[in-house]
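Peer 1: Take a look at query_32.cif, mmCIF, C-alpha atoms and all ligand atoms:
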```cif
data_data
#
loop_
_atom_site.group_PDB
_atom_site.id
_atom_site.type_symbol
_atom_site.label_atom_id
_atom_site.label_comp_id
_atom_site.auth_asym_id
_atom_site.auth_seq_id
_atom_site.Cartn_x
_atom_site.Cartn_y
_atom_site.Cartn_z
ATOM 1 C CA MET A 1 -8.746 22.064 12.602
ATOM 2 C CA SER A 2 -5.790 22.246 10.270
ATOM 3 C CA SER A 3 -6.366 22.233 6.540
ATOM 4 C CA LEU A 4 -5.760 19.300 4.289
ATOM 5 C CA SER A 5 -2.892 21.028 2.512
ATOM 6 C CA ASP A 6 -1.233 21.826 5.872
ATOM 7 C CA ASN A 7 -1.572 18.182 6.882
ATOM 8 C CA ILE A 8 -0.041 17.038 3.605
ATOM 9 C CA ALA A 9 2.817 19.537 3.907
ATOM 10 C CA ARG A 10 3.546 18.358 7.444
ATOM 11 C CA VAL A 11 3.515 14.687 6.410
ATOM 12 C CA ARG A 12 5.876 15.462 3.526
ATOM 13 C CA GLU A 13 8.257 17.259 5.875
ATOM 14 C CA ARG A 14 8.266 14.285 8.214
ATOM 15 C CA ILE A 15 8.889 11.918 5.285
ATOM 16 C CA ALA A 16 11.791 14.068 4.099
ATOM 17 C CA ALA A 17 13.332 14.194 7.580
ATOM 18 C CA ALA A 18 13.071 10.418 8.026
ATOM 19 C CA ALA A 19 14.478 9.795 4.533
ATOM 20 C CA ALA A 20 17.377 12.109 5.291
ATOM 21 C CA ARG A 21 18.210 9.934 8.297
ATOM 22 C CA THR A 22 18.818 7.082 5.835
ATOM 23 C CA GLN A 23 20.732 9.318 3.396
ATOM 24 C CA ARG A 24 17.871 9.299 0.924
ATOM 25 C CA ASP A 25 15.946 12.081 -0.797
ATOM 26 C CA ALA A 26 12.299 12.618 0.096
ATOM 27 C CA ASP A 27 11.323 11.536 -3.415
ATOM 28 C CA ALA A 28 12.787 8.087 -2.770
ATOM 29 C CA VAL A 29 9.651 7.506 -0.675
ATOM 30 C CA THR A 30 6.271 7.490 -2.415
ATOM 31 C CA LEU A 31 3.356 8.856 -0.412
ATOM 32 C CA VAL A 32 0.097 6.973 -0.906
ATOM 33 C CA ALA A 33 -2.848 8.834 0.628
ATOM 34 C CA VAL A 34 -5.196 6.228 2.082
ATOM 35 C CA THR A 35 -8.713 7.313 1.202
ATOM 36 C CA LYS A 36 -10.977 4.630 2.639
ATOM 37 C CA THR A 37 -14.166 6.342 3.939
ATOM 38 C CA VAL A 38 -12.916 9.704 2.571
ATOM 39 C CA ASP A 39 -15.455 11.347 0.292
ATOM 40 C CA PRO A 40 -14.480 12.219 -3.285
ATOM 41 C CA ALA A 41 -14.698 15.985 -2.665
ATOM 42 C CA ARG A 42 -11.981 15.745 0.007
ATOM 43 C CA MET A 43 -9.965 13.503 -2.290
ATOM 44 C CA ALA A 44 -10.199 16.119 -5.042
ATOM 45 C CA GLU A 45 -8.909 18.666 -2.528
ATOM 46 C CA ALA A 46 -5.981 16.369 -1.746
ATOM 47 C CA ARG A 47 -5.309 16.049 -5.478
ATOM 48 C CA GLN A 48 -5.211 19.855 -5.674
ATOM 49 C CA ALA A 49 -2.683 19.809 -2.843
ATOM 50 C CA GLY A 50 -0.389 17.562 -4.881
ATOM 51 C CA ILE A 51 -1.429 14.026 -3.940
ATOM 52 C CA THR A 52 -1.189 11.700 -6.950
ATOM 53 C CA ASP A 53 -1.550 8.270 -5.308
ATOM 54 C CA PHE A 54 -4.719 7.074 -3.586
ATOM 55 C CA GLY A 55 -5.010 3.833 -1.632
ATOM 56 C CA GLU A 56 -8.394 2.140 -1.303
ATOM 57 C CA ASN A 57 -9.283 -0.849 0.888
ATOM 58 C CA TYR A 58 -12.760 -1.789 -0.160
ATOM 59 C CA PHE A 59 -13.798 -3.015 -3.546
ATOM 60 C CA GLN A 60 -17.298 -1.420 -3.572
ATOM 61 C CA GLU A 61 -16.039 1.940 -2.396
ATOM 62 C CA ALA A 62 -13.225 1.935 -4.936
ATOM 63 C CA ARG A 63 -15.593 1.001 -7.745
ATOM 64 C CA ASP A 64 -17.763 4.017 -6.906
ATOM 65 C CA LYS A 65 -14.849 6.431 -6.668
ATOM 66 C CA LEU A 66 -12.567 5.511 -9.579
ATOM 67 C CA PRO A 67 -14.816 6.843 -12.346
ATOM 68 C CA GLN A 68 -14.980 10.212 -10.566
ATOM 69 C CA PHE A 69 -11.286 10.914 -11.151
ATOM 70 C CA GLY A 70 -9.077 11.377 -14.176
ATOM 71 C CA ALA A 71 -6.155 9.373 -15.487
ATOM 72 C CA ASP A 72 -3.671 11.484 -13.493
ATOM 73 C CA ILE A 73 -4.363 9.436 -10.344
ATOM 74 C CA ARG A 74 -2.443 6.287 -9.471
ATOM 75 C CA TRP A 75 -4.739 3.915 -7.607
ATOM 76 C CA HIS A 76 -3.483 1.353 -5.116
ATOM 77 C CA PHE A 77 -5.567 -1.513 -3.864
ATOM 78 C CA ILE A 78 -4.448 -2.114 -0.283
ATOM 79 C CA GLY A 79 -7.301 -4.096 1.303
ATOM 80 C CA HIS A 80 -8.165 -7.753 1.265
ATOM 81 C CA LEU A 81 -9.197 -8.730 -2.235
ATOM 82 C CA GLN A 82 -11.560 -11.591 -2.834
ATOM 83 C CA THR A 83 -10.656 -13.673 -5.847
ATOM 84 C CA ASN A 84 -14.034 -13.021 -7.468
ATOM 85 C CA LYS A 85 -13.314 -9.274 -7.502
ATOM 86 C CA ALA A 86 -10.044 -9.670 -9.396
ATOM 87 C CA ARG A 87 -11.767 -9.132 -12.718
ATOM 88 C CA TYR A 88 -12.676 -5.537 -11.856
ATOM 89 C CA VAL A 89 -9.396 -4.666 -10.199
ATOM 90 C CA ALA A 90 -7.082 -5.991 -12.941
ATOM 91 C CA GLY A 91 -5.843 -3.138 -15.092
ATOM 92 C CA ARG A 92 -7.632 -0.379 -13.148
ATOM 93 C CA PHE A 93 -5.152 -0.150 -10.278
ATOM 94 C CA THR A 94 -1.552 0.905 -10.725
ATOM 95 C CA LEU A 95 -0.526 -1.425 -7.916
ATOM 96 C CA VAL A 96 -2.401 -4.188 -6.110
ATOM 97 C CA GLN A 97 -0.529 -4.355 -2.802
ATOM 98 C CA SER A 98 -2.456 -7.133 -1.106
ATOM 99 C CA VAL A 99 -1.781 -10.324 -3.050
ATOM 100 C CA ASP A 100 -1.508 -13.069 -0.462
ATOM 101 C CA SER A 101 -2.439 -16.334 -2.139
ATOM 102 C CA MET A 102 -1.688 -18.345 -5.220
ATOM 103 C CA ALA A 103 -5.388 -18.434 -6.121
ATOM 104 C CA LEU A 104 -5.670 -14.653 -6.092
ATOM 105 C CA ALA A 105 -2.428 -14.256 -8.023
ATOM 106 C CA GLN A 106 -3.553 -16.653 -10.720
ATOM 107 C CA GLU A 107 -6.970 -15.043 -11.090
ATOM 108 C CA LEU A 108 -5.486 -11.530 -11.234
ATOM 109 C CA GLY A 109 -2.948 -12.654 -13.814
ATOM 110 C CA LYS A 110 -5.646 -14.287 -15.893
ATOM 111 C CA ARG A 111 -7.886 -11.202 -15.770
ATOM 112 C CA ALA A 112 -5.021 -8.846 -16.529
ATOM 113 C CA THR A 113 -4.034 -10.910 -19.532
ATOM 114 C CA ALA A 114 -7.648 -10.949 -20.749
ATOM 115 C CA ALA A 115 -7.714 -7.156 -20.394
ATOM 116 C CA GLY A 116 -4.527 -6.930 -22.462
ATOM 117 C CA THR A 117 -2.439 -5.600 -19.618
ATOM 118 C CA VAL A 118 0.140 -6.590 -17.018
ATOM 119 C CA GLN A 119 -0.871 -5.992 -13.411
ATOM 120 C CA SER A 120 1.796 -4.756 -11.022
ATOM 121 C CA VAL A 121 1.479 -6.348 -7.592
ATOM 122 C CA LEU A 122 3.052 -6.578 -4.156
ATOM 123 C CA LEU A 123 2.806 -9.541 -1.836
ATOM 124 C CA GLU A 124 1.222 -8.704 1.502
ATOM 125 C CA VAL A 125 3.191 -10.324 4.305
ATOM 126 C CA LYS A 126 1.522 -11.057 7.633
ATOM 127 C CA LEU A 127 4.078 -9.576 10.008
ATOM 128 C CA ASP A 128 1.980 -10.042 13.105
ATOM 129 C CA ALA A 129 -1.237 -11.966 13.574
ATOM 130 C CA ALA A 130 -2.609 -9.089 15.679
ATOM 131 C CA ALA A 131 -1.979 -6.513 12.963
ATOM 132 C CA THR A 132 -3.903 -8.180 10.169
ATOM 133 C CA LYS A 133 -5.892 -11.286 9.399
ATOM 134 C CA PHE A 134 -4.503 -11.400 5.900
ATOM 135 C CA GLY A 135 -1.144 -11.806 4.291
ATOM 136 C CA VAL A 136 1.233 -14.598 3.437
ATOM 137 C CA ALA A 137 3.275 -16.037 6.303
ATOM 138 C CA PRO A 138 6.860 -14.724 6.344
ATOM 139 C CA GLU A 139 8.194 -18.285 5.937
ATOM 140 C CA GLN A 140 6.150 -18.707 2.748
ATOM 141 C CA THR A 141 6.929 -15.348 1.193
ATOM 142 C CA GLU A 142 9.883 -16.497 -0.884
ATOM 143 C CA ASP A 143 7.936 -19.421 -2.344
ATOM 144 C CA LEU A 144 4.881 -17.349 -3.231
ATOM 145 C CA ALA A 145 7.144 -14.645 -4.697
ATOM 146 C CA GLY A 146 8.680 -17.277 -6.961
ATOM 147 C CA ILE A 147 5.251 -18.363 -8.162
ATOM 148 C CA VAL A 148 3.918 -14.836 -8.663
ATOM 149 C CA ALA A 149 7.066 -13.867 -10.549
ATOM 150 C CA GLU A 150 6.287 -16.651 -13.031
ATOM 151 C CA THR A 151 2.562 -15.900 -13.341
ATOM 152 C CA PRO A 152 1.628 -14.517 -16.767
ATOM 153 C CA GLY A 153 -0.116 -11.143 -16.557
ATOM 154 C CA LEU A 154 1.556 -10.147 -13.284
ATOM 155 C CA ALA A 155 4.604 -8.024 -12.527
ATOM 156 C CA LEU A 156 5.864 -8.593 -9.004
ATOM 157 C CA GLN A 157 7.312 -5.354 -7.660
ATOM 158 C CA GLY A 158 7.911 -6.070 -3.997
ATOM 159 C CA LEU A 159 6.327 -6.462 -0.583
ATOM 160 C CA MET A 160 3.782 -4.772 1.663
ATOM 161 C CA GLY A 161 3.227 -5.215 5.379
ATOM 162 C CA MET A 162 1.607 -3.751 8.473
ATOM 163 C CA ALA A 163 3.046 -3.621 11.971
ATOM 164 C CA PRO A 164 0.742 -4.146 14.953
ATOM 165 C CA PHE A 165 -0.932 -1.004 16.277
ATOM 166 C CA ALA A 166 0.975 0.471 19.182
ATOM 167 C CA ASP A 167 1.413 3.857 20.833
ATOM 168 C CA ASP A 168 5.169 3.568 20.575
ATOM 169 C CA PRO A 169 6.408 3.366 16.955
ATOM 170 C CA GLU A 170 9.548 1.582 18.200
ATOM 171 C CA THR A 171 7.325 -1.478 18.672
ATOM 172 C CA ALA A 172 7.007 -1.592 14.894
ATOM 173 C CA ARG A 173 10.730 -1.498 14.177
ATOM 174 C CA PRO A 174 11.527 -5.241 14.407
ATOM 175 C CA HIS A 175 8.512 -6.005 12.191
ATOM 176 C CA PHE A 176 9.687 -3.550 9.554
ATOM 177 C CA ALA A 177 13.243 -4.861 9.788
ATOM 178 C CA ARG A 178 11.918 -8.361 9.192
ATOM 179 C CA LEU A 179 9.987 -7.239 6.121
ATOM 180 C CA ARG A 180 13.059 -5.501 4.766
ATOM 181 C CA THR A 181 15.075 -8.688 5.227
ATOM 182 C CA LEU A 182 12.478 -10.656 3.251
ATOM 183 C CA PHE A 183 12.480 -7.919 0.616
ATOM 184 C CA GLU A 184 16.247 -8.064 0.251
ATOM 185 C CA ARG A 185 16.039 -11.778 -0.509
ATOM 186 C CA LEU A 186 13.918 -11.145 -3.612
ATOM 187 C CA PRO A 187 15.634 -11.105 -6.997
ATOM 188 C CA ALA A 188 16.623 -7.533 -7.945
ATOM 189 C CA ALA A 189 13.940 -7.275 -10.630
ATOM 190 C CA HIS A 190 11.246 -7.666 -7.958
ATOM 191 C CA ARG A 191 12.807 -5.328 -5.417
ATOM 192 C CA GLN A 192 11.202 -2.081 -6.525
ATOM 193 C CA VAL A 193 8.640 -1.278 -3.831
ATOM 194 C CA LEU A 194 8.788 -1.858 -0.089
ATOM 195 C CA SER A 195 5.425 -0.580 1.167
ATOM 196 C CA MET A 196 5.384 -0.181 4.932
ATOM 197 C CA GLY A 197 4.442 2.531 7.408
ATOM 198 C CA MET A 198 1.138 4.188 8.313
ATOM 199 C CA THR A 199 0.183 7.275 10.352
ATOM 200 C CA GLY A 200 1.482 5.873 13.648
ATOM 201 C CA ASP A 201 4.780 4.459 12.440
ATOM 202 C CA PHE A 202 5.797 5.757 9.010
ATOM 203 C CA GLU A 203 8.989 7.470 10.155
ATOM 204 C CA THR A 204 10.217 4.216 11.706
ATOM 205 C CA ALA A 205 9.278 2.383 8.490
ATOM 206 C CA ILE A 206 11.283 4.841 6.387
ATOM 207 C CA GLU A 207 14.264 4.466 8.720
ATOM 208 C CA GLU A 208 13.973 0.711 8.103
ATOM 209 C CA GLY A 209 13.983 1.157 4.321
ATOM 210 C CA ALA A 210 10.385 1.765 3.192
ATOM 211 C CA THR A 211 10.117 3.129 -0.350
ATOM 212 C CA MET A 212 6.359 3.675 -0.033
ATOM 213 C CA VAL A 213 4.226 4.748 2.917
ATOM 214 C CA ARG A 214 0.419 4.520 3.170
ATOM 215 C CA ILE A 215 -1.022 7.352 5.212
ATOM 216 C CA GLY A 216 -4.656 8.041 6.014
ATOM 217 C CA SER A 217 -5.437 9.736 9.336
ATOM 218 C CA ALA A 218 -2.434 12.094 9.398
ATOM 219 C CA ILE A 219 -3.791 13.586 6.166
ATOM 220 C CA PHE A 220 -7.573 13.315 6.384
ATOM 221 C CA GLY A 221 -8.075 13.216 10.157
ATOM 222 C CA ARG A 222 -9.391 10.369 12.222
ATOM 223 C CA ARG A 223 -11.774 8.066 10.412
ATOM 224 C CA VAL A 224 -15.321 7.947 11.672
ATOM 225 C CA PRO A 225 -16.272 4.352 10.961
HETATM 226 C C1 LIG B 301 -6.115 2.135 6.714
HETATM 227 C C2 LIG B 301 -4.821 1.654 6.183
HETATM 228 C C3 LIG B 301 -3.695 2.492 6.135
HETATM 229 C C4 LIG B 301 -3.666 3.920 6.669
HETATM 230 O O1 LIG B 301 -3.900 3.964 8.047
HETATM 231 P P1 LIG B 301 -3.643 5.292 8.897
HETATM 232 O O2 LIG B 301 -3.269 4.775 10.234
HETATM 233 O O3 LIG B 301 -4.935 6.041 8.899
HETATM 234 O O4 LIG B 301 -2.572 6.067 8.275
HETATM 235 C C5 LIG B 301 -2.539 1.981 5.561
HETATM 236 N N1 LIG B 301 -2.476 0.726 5.067
HETATM 237 C C6 LIG B 301 -3.532 -0.097 5.107
HETATM 238 C C7 LIG B 301 -3.392 -1.465 4.540
HETATM 239 C C8 LIG B 301 -4.725 0.327 5.678
HETATM 240 O O5 LIG B 301 -5.756 -0.520 5.722
#
```
Can you turn what I pasted into C-alpha cells?
Peer 2:
Amino acid sequence: MSSLSDNIARVRERIAAAAARTQRDADAVTLVAVTKTVDPARMAEARQAGITDFGENYFQEARDKLPQFGADIRWHFIGHLQTNKARYVAGRFTLVQSVDSMALAQELGKRATAAGTVQSVLLEVKLDAAATKFGVAPEQTEDLAGIVAETPGLALQGLMGMAPFADDPETARPHFARLRTLFERLPAAHRQVLSMGMTGDFETAIEEGATMVRIGSAIFGRRVP
C-alpha cells in the first residue's frame, strides 16, 4: 500500500496538471482532505504531509475530533447539517459548505452572531437527485443566495455541489458546468469559492472551474463503512 504522503503528492500533481489545463496555478485550487471515518492519528499524519484543510460530514464525529487538533487546521463542514446542530458548528468551522435552506441559514447566522463571529458559508446545490438527497434546487439557488447574502452573521462565499457517482468522470462534466454557470451569476463579492470534485471526478471539476476540491479516498484509501 502506498503511503499517505505519496497519495497526497500524487493528488497534488493531478490537481496541478488539471489547473494547468485551465491556465491556472495549482494554488488556485484548494485541496480539502475529506476525513470522515478517518482516525485522528491518520489525520495528524496528513497534517505532517502538508494538509491544512479537513472536511468532516458528521456532526458527532467532528465534535470528537476538533479538540484534538490545533488552530492551524481549517475545518470544513461538508455533510448535511441539522438546524439544531448549528449552535456548535457556528464559529468552529472555517467554511460550512452545506447550507441548503433558509431555516439553516438563519439559525447559523443567529448562532454566529451570538458567538461574536461571522460564519463563512457555501450553498450546497443539488445537481442530481441521485448524487445527494440534500441541497437547494438549481432553480432556487439565486433566490436563496440573495437571502443568505443578507443574513446577519453569515458571509456567503460561493457554491458547493456533487456530481452523481459514475465510472466515467465525463458523466460529471455537464453537472459541473451547470454549477459553474450558477456560480457566475452570483454577485462578485460572493464568487470566491466553487467547491466541486471528489476522488472520482476532481480533474474534470477543475477543468470546469473548481477553486476547491474535496478528496477522501484518493488520500486515505477506500472507506470501510
Ligand atoms: C465523502 C465526501 C467527499 C469525498 O469523497 P471521495 O470520493 O472519497 O473523495 C467529498 N464531498 C462530500 C460532500 C463527501 O460527502
Peer 1: With a distance cut-off of 10 Å and all atoms listed in the file, select the neighbouring residues of A:Ala20, excluding the residue or stretch itself and same-chain residues fewer than 5 positions from it, and output the selection as a PyMOL selection string.
Peer 2: chain A and resi 14-15+25-26+206-207
Peer 1: What are the centre and the three edge lengths of an axis-aligned box that wraps all atoms of ligand LIG 301 (chain B) in the file, given that 3 Å is added to every side, written as AutoDock Vina command-line options and rounded to one decimal in Å?
Peer 2:
```
--center_x -4.3 --center_y 2.3 --center_z 7.4 --size_x 9.6 --size_y 13.5 --size_z 11.7
```
Peer 1: Would you pick out the contacts of stretch 157-166 of chain A at 7 Å or less, using all atoms listed in the file, so that residues sharing its chain but fewer than 3 positions from it are not included, and give the list as a list in words?
Peer 2: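 Counting all atoms listed in the file, the residues come to Gln97, Ser120, Val121, Leu122, Leu123, Glu124, Val125, Lys126, Leu127, Asp128, Ala130, Ala131, Pro169, Thr171, Ala172, His175, Phe183, His190, Arg191, Gln192, Val193, Leu194, Ser195, Met196 and Gly197 of chain A.
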Peer 1: Find the residues of chain A that sit at most 10 Å from ligand LIG 301 (chain B); for each, write down the nearest two atoms and how far apart they are in Å, to one decimal. Count only C-alpha atoms and all ligand atoms. Sort by chain, then by number going up, and give it as a Markdown table.
Peer 2:
```
| residue | atom | partner | partner_atom | distance |
| --- | --- | --- | --- | --- |
| A:Val32 | CA | B:LIG301 | C5 | 8.6 |
| A:Ala33 | CA | B:LIG301 | C4 | 7.8 |
| A:Val34 | CA | B:LIG301 | C4 | 5.4 |
| A:Thr35 | CA | B:LIG301 | C1 | 8.0 |
| A:Lys36 | CA | B:LIG301 | C1 | 6.8 |
| A:Thr37 | CA | B:LIG301 | C1 | 9.5 |
| A:Gly55 | CA | B:LIG301 | N1 | 7.8 |
| A:Glu56 | CA | B:LIG301 | O5 | 8.0 |
| A:Asn57 | CA | B:LIG301 | O5 | 6.0 |
| A:Tyr58 | CA | B:LIG301 | O5 | 9.2 |
| A:Phe77 | CA | B:LIG301 | C7 | 8.7 |
| A:Ile78 | CA | B:LIG301 | C7 | 5.0 |
| A:Gly79 | CA | B:LIG301 | C7 | 5.7 |
| A:His80 | CA | B:LIG301 | C7 | 8.5 |
| A:Gln97 | CA | B:LIG301 | C7 | 8.4 |
| A:Ser98 | CA | B:LIG301 | C7 | 8.1 |
| A:Glu124 | CA | B:LIG301 | C7 | 9.1 |
| A:Ala131 | CA | B:LIG301 | C7 | 9.9 |
| A:Thr132 | CA | B:LIG301 | C7 | 8.8 |
| A:Met160 | CA | B:LIG301 | C7 | 8.4 |
| A:Gly161 | CA | B:LIG301 | C7 | 7.7 |
| A:Met162 | CA | B:LIG301 | C7 | 6.8 |
| A:Ala163 | CA | B:LIG301 | N1 | 9.9 |
| A:Phe165 | CA | B:LIG301 | O2 | 8.7 |
| A:Ser195 | CA | B:LIG301 | N1 | 8.9 |
| A:Met196 | CA | B:LIG301 | N1 | 7.9 |
| A:Gly197 | CA | B:LIG301 | C5 | 7.2 |
| A:Met198 | CA | B:LIG301 | O4 | 4.2 |
| A:Thr199 | CA | B:LIG301 | O4 | 3.7 |
| A:Gly200 | CA | B:LIG301 | O2 | 6.0 |
| A:Asp201 | CA | B:LIG301 | O2 | 8.4 |
| A:Phe202 | CA | B:LIG301 | O4 | 8.4 |
| A:Val213 | CA | B:LIG301 | C5 | 7.8 |
| A:Arg214 | CA | B:LIG301 | C5 | 4.6 |
| A:Ile215 | CA | B:LIG301 | O4 | 3.7 |
| A:Gly216 | CA | B:LIG301 | O3 | 3.5 |
| A:Ser217 | CA | B:LIG301 | O3 | 3.8 |
| A:Ala218 | CA | B:LIG301 | O4 | 6.1 |
| A:Ile219 | CA | B:LIG301 | O4 | 7.9 |
| A:Phe220 | CA | B:LIG301 | O3 | 8.1 |
| A:Gly221 | CA | B:LIG301 | O3 | 7.9 |
| A:Arg222 | CA | B:LIG301 | O3 | 7.0 |
| A:Arg223 | CA | B:LIG301 | O3 | 7.3 |
```
Peer 1: Using only C-alpha atoms, pick whichever of A:Leu4, A:Ala46, A:Ala90, A:Ala71 has the shortest atom-to-atom distance to A:Ala112.
Peer 2: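 When distances to A:Ala112 are compared using only C-alpha atoms, the smallest one comes from A:Ala90.
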Peer 1: Enter the distance from atom CA of A:Val148 to atom CA of A:Thr181, in Å, rounded to one decimal.
Peer 2: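 Separation of atom CA of A:Val148 and atom CA of A:Thr181: 18.8 Å.
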Peer 1: At a cut-off of 12 Å, using only C-alpha atoms, what residues contact A:Gly50? Leave out same-chain residues fewer than 6 positions from it and give the result as a list of chain:residue names.
Peer 2: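 Using only C-alpha atoms, the neighbours found are A:Leu4, A:Ser5, A:Asp6, A:Asn7, A:Ile8, A:Ala9, A:Arg12, A:Leu31, A:Val32, A:Ala33, A:Met43, A:Ala44, A:Asp72, A:Ile73.
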Peer 1: Which distance in Å separates atom CA of A:Leu66 and atom CA of A:Val89, to one decimal?
Peer 2: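 Distance between the two atoms: 10.7 Å.
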Peer 1: Under the rule that only C-alpha atoms are counted, which of A:Met212, A:Pro187, A:Ala205, A:Arg63 is the nearest residue to A:Thr22?
Peer 2: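 Between A:Met212, A:Pro187, A:Ala205, A:Arg63, the residue approaching A:Thr22 most closely is A:Ala205.
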Peer 1: Could you check how far atom CA of A:Phe93 sits from atom CA of A:Ser3, in Å to one decimal?
Peer 2: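 Taking atom CA of A:Phe93 as the start and atom CA of A:Ser3 as the end point, the length is 28.0 Å.
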Peer 1: Would you kindly translate the PyMOL selection byres (((chain A and resi 82) around 10) and not hetatm) into the concrete residues it picks from this file, as a compact mmCIF listing (two decimals) with C-alpha atoms, keeping the file's coordinate frame?
Peer 2:
```
# COMPACT_ATOMS: atom_id res chain seq x y z
CA PHE A 59 -13.80 -3.02 -3.55
CA GLY A 79 -7.30 -4.10 1.30
CA HIS A 80 -8.16 -7.75 1.26
CA LEU A 81 -9.20 -8.73 -2.24
CA THR A 83 -10.66 -13.67 -5.85
CA ASN A 84 -14.03 -13.02 -7.47
CA LYS A 85 -13.31 -9.27 -7.50
CA ALA A 86 -10.04 -9.67 -9.40
CA VAL A 99 -1.78 -10.32 -3.05
CA ALA A 103 -5.39 -18.43 -6.12
CA LEU A 104 -5.67 -14.65 -6.09
```
Peer 1: Here is a test: counting only C-alpha atoms, which residue of A:Ala16, A:Val136, A:Ala149, A:Ala155 is nearest to A:Gln119?
Peer 2: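 Using only C-alpha atoms, A:Gln119 sits closest to A:Ala155.
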Peer 1: Here is a test: counting only C-alpha atoms, which residue of A:Phe69, A:Glu203, A:Glu208, A:Leu144 is nearest to A:Val11?
Peer 2: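 Closest residue, counting only C-alpha atoms: A:Glu203.
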Peer 1: At a cut-off of 12 Å, using all atoms listed in the file, what residues contact A:Pro152? Leave out same-chain residues fewer than 3 positions from it and give the result as a PyMOL selection string.
Peer 2: chain A and resi 105-114+116-120+147-149+155-156
